[in-house]
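S.K.: Starting off with a structure, shown below.
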Amino acid sequence: MKIVLALCVFHPSILGAAAFMGQAPNAFTSKARQSTELGSARDERDMVGTSSGYSMGDTNSKARALENRLAALEQGDSPYAYRGGNPLSSYKKVWDRATPVAVQGGSLKTWTYESPAVKRVQVVMKTRGRPLDADVELWQGPDNTPHKMRVYVEDGKMRPFSAVIETPRGPNTIAIRNTAHLEFPLSAAVVADVEGNDFADPMDLTKLPNIPRTIQGGALKTYPFDPTVESVQVLLKTDGRPLNARIELLQGPNNNKQVIELYTEDGMDRPFYMVVETPGSGNVVRVVNTATIEFPLSAWVEPYLVGNIQAQLEPVMGGDRDGPGGMSGFGQW
């Protein structure tokens, strides 16, 4: 009996270029995957003209799409990478637009906006390399605190705090209390959403093709990121119910670099948006819904700024230094 084995080879051109243009995942892909995509794109470009299942117009449009994809890969941009920057594209420039206010340990500072035209404000805080521990509250009328959060940052210089607080229906007051000791002051600034401040609606993040993740009460979700991701943007909202959550930045097992405990009385009217700095490698953002199971929330966690992937290929030099106490050559052995 003769057994004939038929080997069917499916060429990428049969599937079409659309099979390779999927929805972008949340994290930046590795260099090895990028090299694989570059090679497949070149092979697909070389064979696109030989396919007999397409008309001349379809072949030309397909070839142009492959050329654009190949050019992006050769420039170091992966089609799977999402480069953020829609909301608050210049959030770091707030220190140039506003005068920082020193908040000593144990003291309180307030910023009051009488005009109801101020729909949202940006709150930024930093230190000179020391820990940052503060309470941020939104006051609207007597004994009414619709938004409050507790902020802890291990290094306020390496990872400055930046968040957006919705302030509909003024007047509103932003209160920042430094809960640390007197030896740990911080610098704070609050900028209103007015003309000329280059603000954007944080809800623009919901218009991205990525589907938000629903976090039930008592559950948590983790989002690991590649070392090329320099900062991450986080947006939390509900369907009108209260929002209780904890946002953590971890770098290593149980090593919290930044923790935000958040409360909002209405997660639709007052969604929470912030940018988390993620220098180094091994960064993981963890979102915990601290409410009960009746209060789910929707979370968008996406890269905000992505660095140059070529810079990650350079070695980090270490070892002994030349000079006193070091070895400058084999002659000292």
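Quick note on naming: the chains in the structure tokens go A, B, ... in the order shown, residues restart at 1 in each chain, and ligands are numbered from 1 in order of appearance.
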Return as CSV the residues of stretch 257-294 of chain A lying at most 8 Å from stretch 153-171 of chain A, together with the closest atom-to-atom pair for each and the distance in Å to one decimal, counting only C-alpha atoms, with rows in chain order and ascending residue number.
M.R.:
residue,atom,partner,partner_atom,distance
A:Lys257,CA,A:Glu154,CA,5.3
A:Gln258,CA,A:Val153,CA,4.4
A:Val259,CA,A:Val153,CA,6.6
A:Asp269,CA,A:Glu166,CA,7.8
A:Arg270,CA,A:Glu166,CA,5.2
A:Pro271,CA,A:Glu166,CA,7.0
A:Phe272,CA,A:Ile165,CA,6.5
A:Tyr273,CA,A:Val164,CA,5.4
A:Met274,CA,A:Ala163,CA,4.0
A:Val275,CA,A:Ser162,CA,5.7
A:Val276,CA,A:Phe161,CA,7.1
A:Glu277,CA,A:Arg159,CA,5.2
A:Thr278,CA,A:Arg159,CA,7.4
A:Pro279,CA,A:Met158,CA,7.8
S.K.: What lies within 12 Å of A:Asn255 using only C-alpha atoms, ignoring chain neighbours under 3 positions off, as a list in words?
M.R.: Val153, Glu154, Glu248, Leu249, Leu250, Gln251, Gly252, Gln258, Val259, Gly282, Asn283, Val284, Val285 and Arg286 of chain A
S.K.: Please produce a file of the residues just selected, as a compact mmCIF listing (two decimals), in the first residue's frame, where the atoms kept are N, CA and C atoms.
M.R.:
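Everything below was put into part_24.txt:
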# COMPACT_ATOMS: atom_id res chain seq x y z
N VAL A 153 4.38 57.97 46.65
CA VAL A 153 5.40 57.76 45.62
C VAL A 153 6.73 57.58 46.34
N GLU A 154 7.45 56.53 45.96
CA GLU A 154 8.73 56.24 46.61
C GLU A 154 9.77 57.32 46.33
N GLU A 248 -1.61 50.74 41.53
CA GLU A 248 -0.26 50.47 42.04
C GLU A 248 0.70 50.32 40.87
N LEU A 249 1.89 50.83 41.06
CA LEU A 249 3.01 50.61 40.14
C LEU A 249 4.03 49.74 40.85
N LEU A 250 4.23 48.54 40.31
CA LEU A 250 5.17 47.60 40.90
C LEU A 250 6.37 47.42 39.99
N GLN A 251 7.52 47.26 40.62
CA GLN A 251 8.76 46.98 39.90
C GLN A 251 9.49 45.88 40.66
N GLY A 252 9.12 44.66 40.36
CA GLY A 252 9.61 43.53 41.14
C GLY A 252 8.51 43.00 42.04
N GLN A 258 4.64 53.23 43.47
CA GLN A 258 3.63 54.28 43.52
C GLN A 258 2.28 53.63 43.81
N VAL A 259 1.53 54.26 44.72
CA VAL A 259 0.22 53.74 45.12
C VAL A 259 -0.74 54.91 45.20
N GLY A 282 10.69 45.92 34.09
CA GLY A 282 9.89 45.15 35.03
C GLY A 282 8.73 45.91 35.63
N ASN A 283 8.20 46.91 34.92
CA ASN A 283 7.10 47.71 35.46
C ASN A 283 5.76 47.02 35.19
N VAL A 284 4.95 46.98 36.22
CA VAL A 284 3.61 46.39 36.14
C VAL A 284 2.64 47.34 36.84
N VAL A 285 1.57 47.69 36.14
CA VAL A 285 0.51 48.50 36.72
C VAL A 285 -0.61 47.57 37.16
N ARG A 286 -0.99 47.69 38.42
CA ARG A 286 -2.05 46.86 38.98
C ARG A 286 -3.23 47.74 39.41
S.K.: Just give me the gap between atom CA of A:Met149 and atom CA of A:Asp135 in Å, one decimal is fine.
M.R.: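 These two atoms are separated by 5.9 Å.
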S.K.: With only C-alpha atoms as the counted atoms, please give the residues lying no more than 6 Å from A:Gly267, apart from itself and same-chain residues fewer than 4 positions off, as number ranges by chain.
M.R.: A: 237-238, 240-243, 271
S.K.: For each of A:Asn178, A:Pro131, A:Gly218, A:Val191, take the minimum atom-to-atom distance to A:Arg97, counting only C-alpha atoms, then give the residue where this is smallest.
M.R.: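 Selected residue with least distance to A:Arg97: A:Val191.
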S.K.: Would you compute the distance between atom CA of A:Leu182 and atom CA of A:Thr127? Give it in Å to one decimal.
M.R.: 13.1 Å
S.K.: DSSP on the backbone, then: every residue of stretch 91-166 of chain A marked strand (DSSP E or B), written as a ChimeraX atom specification.
M.R.: /A:101-103,108-113,120-126,132-139,147-153,161-166
S.K.: Could you please determine the separation between atom CA of A:Pro116 and atom CA of A:Asn244 in Å, to one decimal place?
M.R.: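 Separation between atom CA of A:Pro116 and atom CA of A:Asn244: 25.9 Å.
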S.K.: For a quick check of understanding, using only C-alpha atoms, which of A:Asn210, A:Gln216, A:Gln122, A:Ser187 has the smallest distance to A:Ile293?
M.R.: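 Selected residue with least distance to A:Ile293: A:Gln216.
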